[in-house]
Amino acid sequence: SQQGEEDPQALSIQEGENATMNCSYKTSINNLQWYRQNSGRGLVHLILIRSNEREKHSGRLRVTLDTSKKSSSLLITASRAADTASYFCATDVNDYKLSFGAGTTVTVRA
Amino acid sequence: KAGVTQTPRYLIKTRGQQVTLSCSPISGHRSVSWYQQTPGQGLQFLFEYFSETQRNKGNFPGRFSGRQFSNSRSEMNVSTLELGDSALYLCASSLGRGEGEQYFGPGTRLTVT
């Protein structure tokens, strides 16, 4: 069963706009990670946030974590066509395996 | 540093056959995990190897097996293939257990006919 669920399932935005997607999970976690996948290829690690952290930035990415609500959000600012991809959240519950959500498909229109 | 490599990239097999997929982790990485990705079930954890030992296993039948060699390279095997085994099989490596981010290979696309 999947630990995380992303919302929305799909998102279409104009280049230059911001994209926000959310992830909810069910059990306590060690850390939460976000990955990007382009057209059925391998996953690219974007950012990791530990359970004792609330916010993290990496370039145009901003991730928040609310452990009381068991939720996380990923914000991509000033989106580009190259950001078109599927985005997955993955939770590590301290047993060294990642549980992935179903993903959010983001389309950035030129 | 070279990334995670997986061979072959594409494979077509017939029901009932068996298949072996290979994964070479990033140099120095000792943990290798395997995931199956399908449109219906999404990304699901298969197993994790560290120091040539399977440390963790997902909820898959015994037809799915794997191993890790002393150089950390890993193989997974699926016997008696079923149509539902058609999927993208992804391998990921990390420095050690619980080291945070995992680095994924490009995957092997398996089609069972």
# chains A, B, ... in the order shown; residues from 1 in each chain; ligands from 1

$ residues_around --residues "A:Val44" --least-positions-apart "3" --cutoff "10 Å" --atoms "only C-alpha atoms" --output "PDB file with all heavy atoms, in the first residue's frame"
ATOM      1  N   TRP A  34      11.329  14.300  -2.013  1.00  0.00           N
ATOM      2  CA  TRP A  34      10.636  14.588  -3.265  1.00  0.00           C
ATOM      3  C   TRP A  34      11.541  14.198  -4.427  1.00  0.00           C
ATOM      4  O   TRP A  34      12.746  14.479  -4.414  1.00  0.00           O
ATOM      5  CB  TRP A  34      10.264  16.062  -3.352  1.00  0.00           C
ATOM      6  CG  TRP A  34       9.114  16.441  -2.459  1.00  0.00           C
ATOM      7  CD1 TRP A  34       9.181  16.876  -1.164  1.00  0.00           C
ATOM      8  CD2 TRP A  34       7.726  16.426  -2.814  1.00  0.00           C
ATOM      9  NE1 TRP A  34       7.910  17.124  -0.689  1.00  0.00           N
ATOM     10  CE2 TRP A  34       6.997  16.860  -1.676  1.00  0.00           C
ATOM     11  CE3 TRP A  34       7.015  16.091  -3.966  1.00  0.00           C
ATOM     12  CZ2 TRP A  34       5.602  16.970  -1.665  1.00  0.00           C
ATOM     13  CZ3 TRP A  34       5.635  16.204  -3.957  1.00  0.00           C
ATOM     14  CH2 TRP A  34       4.940  16.641  -2.816  1.00  0.00           C
ATOM     15  N   TYR A  35      10.910  13.544  -5.416  1.00  0.00           N
ATOM     16  CA  TYR A  35      11.626  13.112  -6.607  1.00  0.00           C
ATOM     17  C   TYR A  35      10.883  13.605  -7.837  1.00  0.00           C
ATOM     18  O   TYR A  35       9.668  13.816  -7.821  1.00  0.00           O
ATOM     19  CB  TYR A  35      11.710  11.575  -6.672  1.00  0.00           C
ATOM     20  CG  TYR A  35      12.659  10.956  -5.684  1.00  0.00           C
ATOM     21  CD1 TYR A  35      12.270  10.716  -4.365  1.00  0.00           C
ATOM     22  CD2 TYR A  35      13.946  10.590  -6.066  1.00  0.00           C
ATOM     23  CE1 TYR A  35      13.139  10.128  -3.454  1.00  0.00           C
ATOM     24  CE2 TYR A  35      14.826  10.005  -5.169  1.00  0.00           C
ATOM     25  CZ  TYR A  35      14.413   9.780  -3.857  1.00  0.00           C
ATOM     26  OH  TYR A  35      15.277   9.209  -2.965  1.00  0.00           O
ATOM     27  N   ARG A  36      11.633  13.737  -8.928  1.00  0.00           N
ATOM     28  CA  ARG A  36      11.053  14.113 -10.225  1.00  0.00           C
ATOM     29  C   ARG A  36      11.328  12.987 -11.212  1.00  0.00           C
ATOM     30  O   ARG A  36      12.400  12.373 -11.194  1.00  0.00           O
ATOM     31  CB  ARG A  36      11.684  15.415 -10.735  1.00  0.00           C
ATOM     32  CG  ARG A  36      11.087  15.927 -12.039  1.00  0.00           C
ATOM     33  CD  ARG A  36      11.855  17.135 -12.555  1.00  0.00           C
ATOM     34  NE  ARG A  36      13.126  16.749 -13.127  1.00  0.00           N
ATOM     35  CZ  ARG A  36      14.276  17.359 -12.857  1.00  0.00           C
ATOM     36  NH1 ARG A  36      14.312  18.383 -12.037  1.00  0.00           N
ATOM     37  NH2 ARG A  36      15.394  16.954 -13.419  1.00  0.00           N
ATOM     38  N   GLN A  37      10.354  12.735 -12.075  1.00  0.00           N
ATOM     39  CA  GLN A  37      10.526  11.723 -13.118  1.00  0.00           C
ATOM     40  C   GLN A  37      10.051  12.295 -14.437  1.00  0.00           C
ATOM     41  O   GLN A  37       8.922  12.766 -14.547  1.00  0.00           O
ATOM     42  CB  GLN A  37       9.741  10.442 -12.785  1.00  0.00           C
ATOM     43  CG  GLN A  37       9.983   9.318 -13.778  1.00  0.00           C
ATOM     44  CD  GLN A  37       9.238   8.054 -13.413  1.00  0.00           C
ATOM     45  OE1 GLN A  37       8.093   8.110 -12.965  1.00  0.00           O
ATOM     46  NE2 GLN A  37       9.872   6.903 -13.584  1.00  0.00           N
ATOM     47  N   ASN A  38      10.907  12.210 -15.432  1.00  0.00           N
ATOM     48  CA  ASN A  38      10.566  12.668 -16.781  1.00  0.00           C
ATOM     49  C   ASN A  38      10.206  11.467 -17.644  1.00  0.00           C
ATOM     50  O   ASN A  38      11.019  10.557 -17.790  1.00  0.00           O
ATOM     51  CB  ASN A  38      11.746  13.412 -17.417  1.00  0.00           C
ATOM     52  CG  ASN A  38      12.046  14.713 -16.716  1.00  0.00           C
ATOM     53  OD1 ASN A  38      12.743  14.745 -15.711  1.00  0.00           O
ATOM     54  ND2 ASN A  38      11.483  15.785 -17.217  1.00  0.00           N
ATOM     55  N   ARG A  41      11.239   7.746 -17.139  1.00  0.00           N
ATOM     56  CA  ARG A  41      12.659   7.473 -16.930  1.00  0.00           C
ATOM     57  C   ARG A  41      12.932   7.296 -15.447  1.00  0.00           C
ATOM     58  O   ARG A  41      12.015   7.201 -14.654  1.00  0.00           O
ATOM     59  CB  ARG A  41      13.491   8.623 -17.494  1.00  0.00           C
ATOM     60  CG  ARG A  41      13.343   8.816 -18.992  1.00  0.00           C
ATOM     61  CD  ARG A  41      14.182   9.975 -19.479  1.00  0.00           C
ATOM     62  NE  ARG A  41      13.902  10.290 -20.871  1.00  0.00           N
ATOM     63  CZ  ARG A  41      14.409  11.346 -21.493  1.00  0.00           C
ATOM     64  NH1 ARG A  41      15.225  12.162 -20.862  1.00  0.00           N
ATOM     65  NH2 ARG A  41      14.095  11.576 -22.764  1.00  0.00           N
ATOM     66  N   ILE A  47      14.876  16.852  -3.112  1.00  0.00           N
ATOM     67  CA  ILE A  47      15.099  17.434  -1.789  1.00  0.00           C
ATOM     68  C   ILE A  47      14.665  16.442  -0.711  1.00  0.00           C
ATOM     69  O   ILE A  47      13.733  15.659  -0.918  1.00  0.00           O
ATOM     70  CB  ILE A  47      14.350  18.778  -1.675  1.00  0.00           C
ATOM     71  CG1 ILE A  47      14.920  19.660  -0.567  1.00  0.00           C
ATOM     72  CG2 ILE A  47      12.863  18.586  -1.527  1.00  0.00           C
ATOM     73  CD1 ILE A  47      14.539  21.119  -0.715  1.00  0.00           C
ATOM     74  N   TYR A  87       6.015  14.411 -10.298  1.00  0.00           N
ATOM     75  CA  TYR A  87       6.684  14.647  -9.022  1.00  0.00           C
ATOM     76  C   TYR A  87       6.110  13.700  -7.978  1.00  0.00           C
ATOM     77  O   TYR A  87       4.894  13.558  -7.843  1.00  0.00           O
ATOM     78  CB  TYR A  87       6.506  16.108  -8.597  1.00  0.00           C
ATOM     79  CG  TYR A  87       7.234  17.061  -9.515  1.00  0.00           C
ATOM     80  CD1 TYR A  87       6.676  17.451 -10.728  1.00  0.00           C
ATOM     81  CD2 TYR A  87       8.501  17.538  -9.193  1.00  0.00           C
ATOM     82  CE1 TYR A  87       7.356  18.289 -11.596  1.00  0.00           C
ATOM     83  CE2 TYR A  87       9.189  18.391 -10.051  1.00  0.00           C
ATOM     84  CZ  TYR A  87       8.610  18.754 -11.251  1.00  0.00           C
ATOM     85  OH  TYR A  87       9.297  19.583 -12.114  1.00  0.00           O
ATOM     86  N   PHE A  88       7.007  13.053  -7.254  1.00  0.00           N
ATOM     87  CA  PHE A  88       6.599  12.061  -6.258  1.00  0.00           C
ATOM     88  C   PHE A  88       7.153  12.429  -4.885  1.00  0.00           C
ATOM     89  O   PHE A  88       8.301  12.843  -4.772  1.00  0.00           O
ATOM     90  CB  PHE A  88       7.147  10.674  -6.624  1.00  0.00           C
ATOM     91  CG  PHE A  88       6.615  10.104  -7.898  1.00  0.00           C
ATOM     92  CD1 PHE A  88       7.242  10.366  -9.107  1.00  0.00           C
ATOM     93  CD2 PHE A  88       5.490   9.296  -7.894  1.00  0.00           C
ATOM     94  CE1 PHE A  88       6.762   9.842 -10.293  1.00  0.00           C
ATOM     95  CE2 PHE A  88       5.006   8.758  -9.079  1.00  0.00           C
ATOM     96  CZ  PHE A  88       5.640   9.034 -10.269  1.00  0.00           C
TER      97      PHE A  88
ATOM     98  N   GLU B 101      18.928  10.272   0.718  1.00  0.00           N
ATOM     99  CA  GLU B 101      18.500  10.197  -0.677  1.00  0.00           C
ATOM    100  C   GLU B 101      19.079   8.967  -1.378  1.00  0.00           C
ATOM    101  O   GLU B 101      20.187   8.532  -1.111  1.00  0.00           O
ATOM    102  CB  GLU B 101      18.894  11.463  -1.451  1.00  0.00           C
ATOM    103  CG  GLU B 101      20.373  11.781  -1.448  1.00  0.00           C
ATOM    104  CD  GLU B 101      20.741  12.761  -0.369  1.00  0.00           C
ATOM    105  OE1 GLU B 101      20.141  12.722   0.735  1.00  0.00           O
ATOM    106  OE2 GLU B 101      21.638  13.577  -0.609  1.00  0.00           O
ATOM    107  N   GLN B 102      18.243   8.481  -2.296  1.00  0.00           N
ATOM    108  CA  GLN B 102      18.640   7.368  -3.131  1.00  0.00           C
ATOM    109  C   GLN B 102      18.835   7.877  -4.558  1.00  0.00           C
ATOM    110  O   GLN B 102      18.115   8.758  -5.008  1.00  0.00           O
ATOM    111  CB  GLN B 102      17.587   6.266  -3.086  1.00  0.00           C
ATOM    112  CG  GLN B 102      17.441   5.657  -1.697  1.00  0.00           C
ATOM    113  CD  GLN B 102      16.526   4.458  -1.665  1.00  0.00           C
ATOM    114  OE1 GLN B 102      16.128   3.929  -2.697  1.00  0.00           O
ATOM    115  NE2 GLN B 102      16.180   4.005  -0.477  1.00  0.00           N
ATOM    116  N   TYR B 103      19.783   7.301  -5.243  1.00  0.00           N
ATOM    117  CA  TYR B 103      20.086   7.692  -6.615  1.00  0.00           C
ATOM    118  C   TYR B 103      19.592   6.583  -7.541  1.00  0.00           C
ATOM    119  O   TYR B 103      20.027   5.437  -7.411  1.00  0.00           O
ATOM    120  CB  TYR B 103      21.586   7.915  -6.782  1.00  0.00           C
ATOM    121  CG  TYR B 103      22.092   9.062  -5.952  1.00  0.00           C
ATOM    122  CD1 TYR B 103      22.429   8.874  -4.608  1.00  0.00           C
ATOM    123  CD2 TYR B 103      22.204  10.347  -6.478  1.00  0.00           C
ATOM    124  CE1 TYR B 103      22.874   9.937  -3.823  1.00  0.00           C
ATOM    125  CE2 TYR B 103      22.646  11.408  -5.713  1.00  0.00           C
ATOM    126  CZ  TYR B 103      22.977  11.196  -4.385  1.00  0.00           C
ATOM    127  OH  TYR B 103      23.401  12.244  -3.613  1.00  0.00           O
ATOM    128  N   PHE B 104      18.707   6.963  -8.441  1.00  0.00           N
ATOM    129  CA  PHE B 104      18.039   5.979  -9.284  1.00  0.00           C
ATOM    130  C   PHE B 104      18.711   5.830 -10.638  1.00  0.00           C
ATOM    131  O   PHE B 104      19.231   6.793 -11.206  1.00  0.00           O
ATOM    132  CB  PHE B 104      16.579   6.374  -9.506  1.00  0.00           C
ATOM    133  CG  PHE B 104      15.684   6.065  -8.341  1.00  0.00           C
ATOM    134  CD1 PHE B 104      15.662   6.892  -7.231  1.00  0.00           C
ATOM    135  CD2 PHE B 104      14.883   4.930  -8.353  1.00  0.00           C
ATOM    136  CE1 PHE B 104      14.838   6.599  -6.146  1.00  0.00           C
ATOM    137  CE2 PHE B 104      14.059   4.634  -7.274  1.00  0.00           C
ATOM    138  CZ  PHE B 104      14.042   5.469  -6.174  1.00  0.00           C
ATOM    139  N   GLY B 105      18.652   4.604 -11.156  1.00  0.00           N
ATOM    140  CA  GLY B 105      19.076   4.350 -12.520  1.00  0.00           C
ATOM    141  C   GLY B 105      17.945   4.653 -13.485  1.00  0.00           C
ATOM    142  O   GLY B 105      16.838   5.003 -13.060  1.00  0.00           O
ATOM    143  N   PRO B 106      18.192   4.507 -14.789  1.00  0.00           N
ATOM    144  CA  PRO B 106      17.181   4.818 -15.803  1.00  0.00           C
ATOM    145  C   PRO B 106      16.059   3.787 -15.888  1.00  0.00           C
ATOM    146  O   PRO B 106      15.017   4.051 -16.475  1.00  0.00           O
ATOM    147  CB  PRO B 106      17.973   4.849 -17.103  1.00  0.00           C
ATOM    148  CG  PRO B 106      19.127   3.951 -16.840  1.00  0.00           C
ATOM    149  CD  PRO B 106      19.454   4.085 -15.401  1.00  0.00           C
TER     150      PRO B 106
END

$ interface_residues --of "chain B" --to "chain A" --cutoff "10 Å" --atoms "only C-alpha atoms" --output "PyMOL selection string"
chain B and resi 4+31+33-35+37-48+55-59+88-92+96-109

$ residues_around --residues "stretch 56-73 of chain A" --least-positions-apart "3" --cutoff "10 Å" --atoms "only C-alpha atoms" --output "NGL selection string"
:A and (4-7 or 18-29 or 31-34 or 46-53 or 76-79 or 89)

$ write_last_selection --atoms "N, CA, C and O atoms" --output "CSV table (one decimal), in the first residue's frame"
chain,number,residue,atom,x,y,z
A,4,GLY,N,2.2,7.6,0.9
A,4,GLY,CA,1.9,9.0,0.6
A,4,GLY,C,0.9,9.2,-0.5
A,4,GLY,O,0.8,8.3,-1.4
A,5,GLU,N,0.2,10.3,-0.5
A,5,GLU,CA,-0.8,10.6,-1.5
A,5,GLU,C,-0.5,12.0,-1.9
A,5,GLU,O,-0.6,12.9,-1.1
A,6,GLU,N,-0.4,12.2,-3.2
A,6,GLU,CA,-0.1,13.6,-3.7
A,6,GLU,C,-1.4,14.2,-4.2
A,6,GLU,O,-2.3,13.5,-4.7
A,7,ASP,N,-1.5,15.5,-4.1
A,7,ASP,CA,-2.6,16.3,-4.6
A,7,ASP,C,-2.1,17.6,-5.1
A,7,ASP,O,-1.3,18.2,-4.5
A,18,ASN,N,4.0,29.8,-10.5
A,18,ASN,CA,4.4,28.9,-9.4
A,18,ASN,C,3.6,27.6,-9.5
A,18,ASN,O,2.4,27.7,-9.8
A,19,ALA,N,4.1,26.5,-9.1
A,19,ALA,CA,3.4,25.3,-9.0
A,19,ALA,C,3.5,24.7,-7.6
A,19,ALA,O,4.6,24.7,-7.0
A,20,THR,N,2.4,24.4,-7.0
A,20,THR,CA,2.4,23.8,-5.6
A,20,THR,C,1.7,22.5,-5.6
A,20,THR,O,0.6,22.3,-6.2
A,21,MET,N,2.3,21.5,-5.0
A,21,MET,CA,1.7,20.2,-4.9
A,21,MET,C,1.9,19.7,-3.4
A,21,MET,O,2.8,20.1,-2.8
A,22,ASN,N,0.9,18.9,-3.0
A,22,ASN,CA,0.9,18.5,-1.6
A,22,ASN,C,1.0,17.0,-1.5
A,22,ASN,O,0.6,16.2,-2.4
A,23,CYS,N,1.5,16.6,-0.3
A,23,CYS,CA,1.6,15.1,-0.1
A,23,CYS,C,1.1,14.9,1.3
A,23,CYS,O,1.5,15.6,2.3
A,24,SER,N,0.3,13.9,1.5
A,24,SER,CA,-0.1,13.5,2.8
A,24,SER,C,0.3,12.0,3.1
A,24,SER,O,0.4,11.3,2.1
A,25,TYR,N,0.6,11.7,4.3
A,25,TYR,CA,1.1,10.4,4.6
A,25,TYR,C,0.4,9.9,5.9
A,25,TYR,O,-0.3,10.6,6.5
A,26,LYS,N,0.6,8.6,6.2
A,26,LYS,CA,-0.2,8.0,7.2
A,26,LYS,C,0.5,7.8,8.6
A,26,LYS,O,-0.1,7.9,9.6
A,27,THR,N,1.7,7.4,8.5
A,27,THR,CA,2.4,7.0,9.8
A,27,THR,C,3.6,8.0,10.0
A,27,THR,O,4.0,8.7,9.1
A,28,SER,N,4.1,7.9,11.2
A,28,SER,CA,5.3,8.7,11.5
A,28,SER,C,6.5,8.4,10.6
A,28,SER,O,6.6,7.3,10.2
A,29,ILE,N,7.2,9.4,10.3
A,29,ILE,CA,8.3,9.2,9.3
A,29,ILE,C,9.7,9.7,9.9
A,29,ILE,O,9.7,10.4,10.9
A,31,ASN,N,12.1,10.7,7.5
A,31,ASN,CA,12.3,11.8,6.6
A,31,ASN,C,11.3,11.7,5.4
A,31,ASN,O,10.7,10.6,5.2
A,32,LEU,N,11.1,12.8,4.7
A,32,LEU,CA,10.3,12.8,3.5
A,32,LEU,C,11.1,13.3,2.3
A,32,LEU,O,11.9,14.3,2.5
A,33,GLN,N,11.0,12.7,1.2
A,33,GLN,CA,11.8,13.1,0.0
A,33,GLN,C,10.9,13.4,-1.2
A,33,GLN,O,9.8,12.8,-1.3
A,34,TRP,N,11.3,14.3,-2.0
A,34,TRP,CA,10.6,14.6,-3.3
A,34,TRP,C,11.5,14.2,-4.4
A,34,TRP,O,12.7,14.5,-4.4
A,46,LEU,N,15.2,15.4,-5.6
A,46,LEU,CA,15.1,16.8,-5.5
A,46,LEU,C,15.5,17.4,-4.1
A,46,LEU,O,16.3,18.3,-4.0
A,47,ILE,N,14.9,16.9,-3.1
A,47,ILE,CA,15.1,17.4,-1.8
A,47,ILE,C,14.7,16.4,-0.7
A,47,ILE,O,13.7,15.7,-0.9
A,48,LEU,N,15.3,16.5,0.4
A,48,LEU,CA,15.0,15.6,1.6
A,48,LEU,C,14.8,16.5,2.7
A,48,LEU,O,15.6,17.4,3.0
A,49,ILE,N,13.7,16.3,3.5
A,49,ILE,CA,13.4,17.0,4.7
A,49,ILE,C,13.2,16.1,5.8
A,49,ILE,O,12.5,15.1,5.7
A,50,ARG,N,13.9,16.3,6.9
A,50,ARG,CA,13.9,15.4,8.0
A,50,ARG,C,12.7,15.7,8.9
A,50,ARG,O,12.1,16.8,8.9
A,51,SER,N,12.3,14.8,9.8
A,51,SER,CA,11.1,14.9,10.6
A,51,SER,C,11.2,16.1,11.5
A,51,SER,O,10.1,16.6,12.0
A,52,ASN,N,12.4,16.5,11.9
A,52,ASN,CA,12.5,17.6,12.8
A,52,ASN,C,12.7,19.0,12.1
A,52,ASN,O,13.0,20.0,12.7
A,53,GLU,N,12.6,19.0,10.8
A,53,GLU,CA,12.7,20.2,10.0
A,53,GLU,C,11.3,20.6,9.6
A,53,GLU,O,10.4,19.8,9.3
A,76,ILE,N,7.3,25.0,-6.6
A,76,ILE,CA,8.3,25.3,-7.6
A,76,ILE,C,8.0,26.7,-8.1
A,76,ILE,O,6.9,27.0,-8.6
A,77,THR,N,9.0,27.6,-7.9
A,77,THR,CA,8.7,29.0,-8.3
A,77,THR,C,9.2,29.2,-9.7
A,77,THR,O,10.1,28.5,-10.2
A,78,ALA,N,8.6,30.2,-10.4
A,78,ALA,CA,9.1,30.7,-11.7
A,78,ALA,C,9.3,29.5,-12.6
A,78,ALA,O,10.4,29.2,-13.1
A,79,SER,N,8.2,28.7,-12.8
A,79,SER,CA,8.4,27.4,-13.6
A,79,SER,C,8.9,27.6,-15.0
A,79,SER,O,8.6,28.7,-15.6
A,89,CYS,N,6.3,12.2,-3.9
A,89,CYS,CA,6.8,12.3,-2.5
A,89,CYS,C,7.1,10.9,-2.1
A,89,CYS,O,6.4,9.9,-2.5

$ residues_around --residues "B:Thr14" --least-positions-apart "6" --cutoff "9 Å" --atoms "only C-alpha atoms" --output "list in words"
Leu81, Glu82, Leu83, Thr111, Val112 and Thr113 of chain B

$ write_last_selection --atoms "all heavy atoms" --output "compact mmCIF listing (two decimals), in the first residue's frame"
# COMPACT_ATOMS: atom_id res chain seq x y z
N LEU B 81 7.21 -15.68 -15.51
CA LEU B 81 6.66 -14.35 -15.77
C LEU B 81 5.17 -14.37 -16.05
O LEU B 81 4.66 -15.28 -16.73
CB LEU B 81 7.39 -13.70 -16.94
CG LEU B 81 8.79 -13.17 -16.64
CD1 LEU B 81 9.56 -12.89 -17.92
CD2 LEU B 81 8.71 -11.92 -15.77
N GLU B 82 4.49 -13.35 -15.52
CA GLU B 82 3.07 -13.14 -15.77
C GLU B 82 2.90 -11.80 -16.49
O GLU B 82 3.77 -10.93 -16.41
CB GLU B 82 2.31 -13.13 -14.45
CG GLU B 82 2.44 -14.41 -13.65
CD GLU B 82 1.74 -14.36 -12.30
OE1 GLU B 82 1.14 -13.31 -11.99
OE2 GLU B 82 1.79 -15.38 -11.57
N LEU B 83 1.75 -11.66 -17.16
CA LEU B 83 1.49 -10.40 -17.88
C LEU B 83 1.60 -9.21 -16.94
O LEU B 83 2.09 -8.15 -17.32
CB LEU B 83 0.10 -10.44 -18.53
CG LEU B 83 -0.11 -11.46 -19.64
CD1 LEU B 83 -1.54 -11.38 -20.15
CD2 LEU B 83 0.87 -11.25 -20.79
N THR B 111 8.50 -5.94 -20.79
CA THR B 111 7.18 -6.21 -21.36
C THR B 111 7.01 -7.71 -21.45
O THR B 111 7.86 -8.41 -22.02
CB THR B 111 7.04 -5.60 -22.76
OG1 THR B 111 7.26 -4.19 -22.68
CG2 THR B 111 5.66 -5.86 -23.34
N VAL B 112 5.94 -8.21 -20.86
CA VAL B 112 5.64 -9.65 -20.90
C VAL B 112 4.45 -9.85 -21.83
O VAL B 112 3.38 -9.25 -21.63
CB VAL B 112 5.32 -10.18 -19.50
CG1 VAL B 112 5.06 -11.69 -19.56
CG2 VAL B 112 6.47 -9.89 -18.54
N THR B 113 4.62 -10.71 -22.82
CA THR B 113 3.54 -10.94 -23.80
C THR B 113 3.00 -12.37 -23.70
O THR B 113 3.65 -13.23 -23.07
CB THR B 113 4.04 -10.71 -25.23
OG1 THR B 113 5.09 -11.65 -25.51
CG2 THR B 113 4.58 -9.30 -25.40
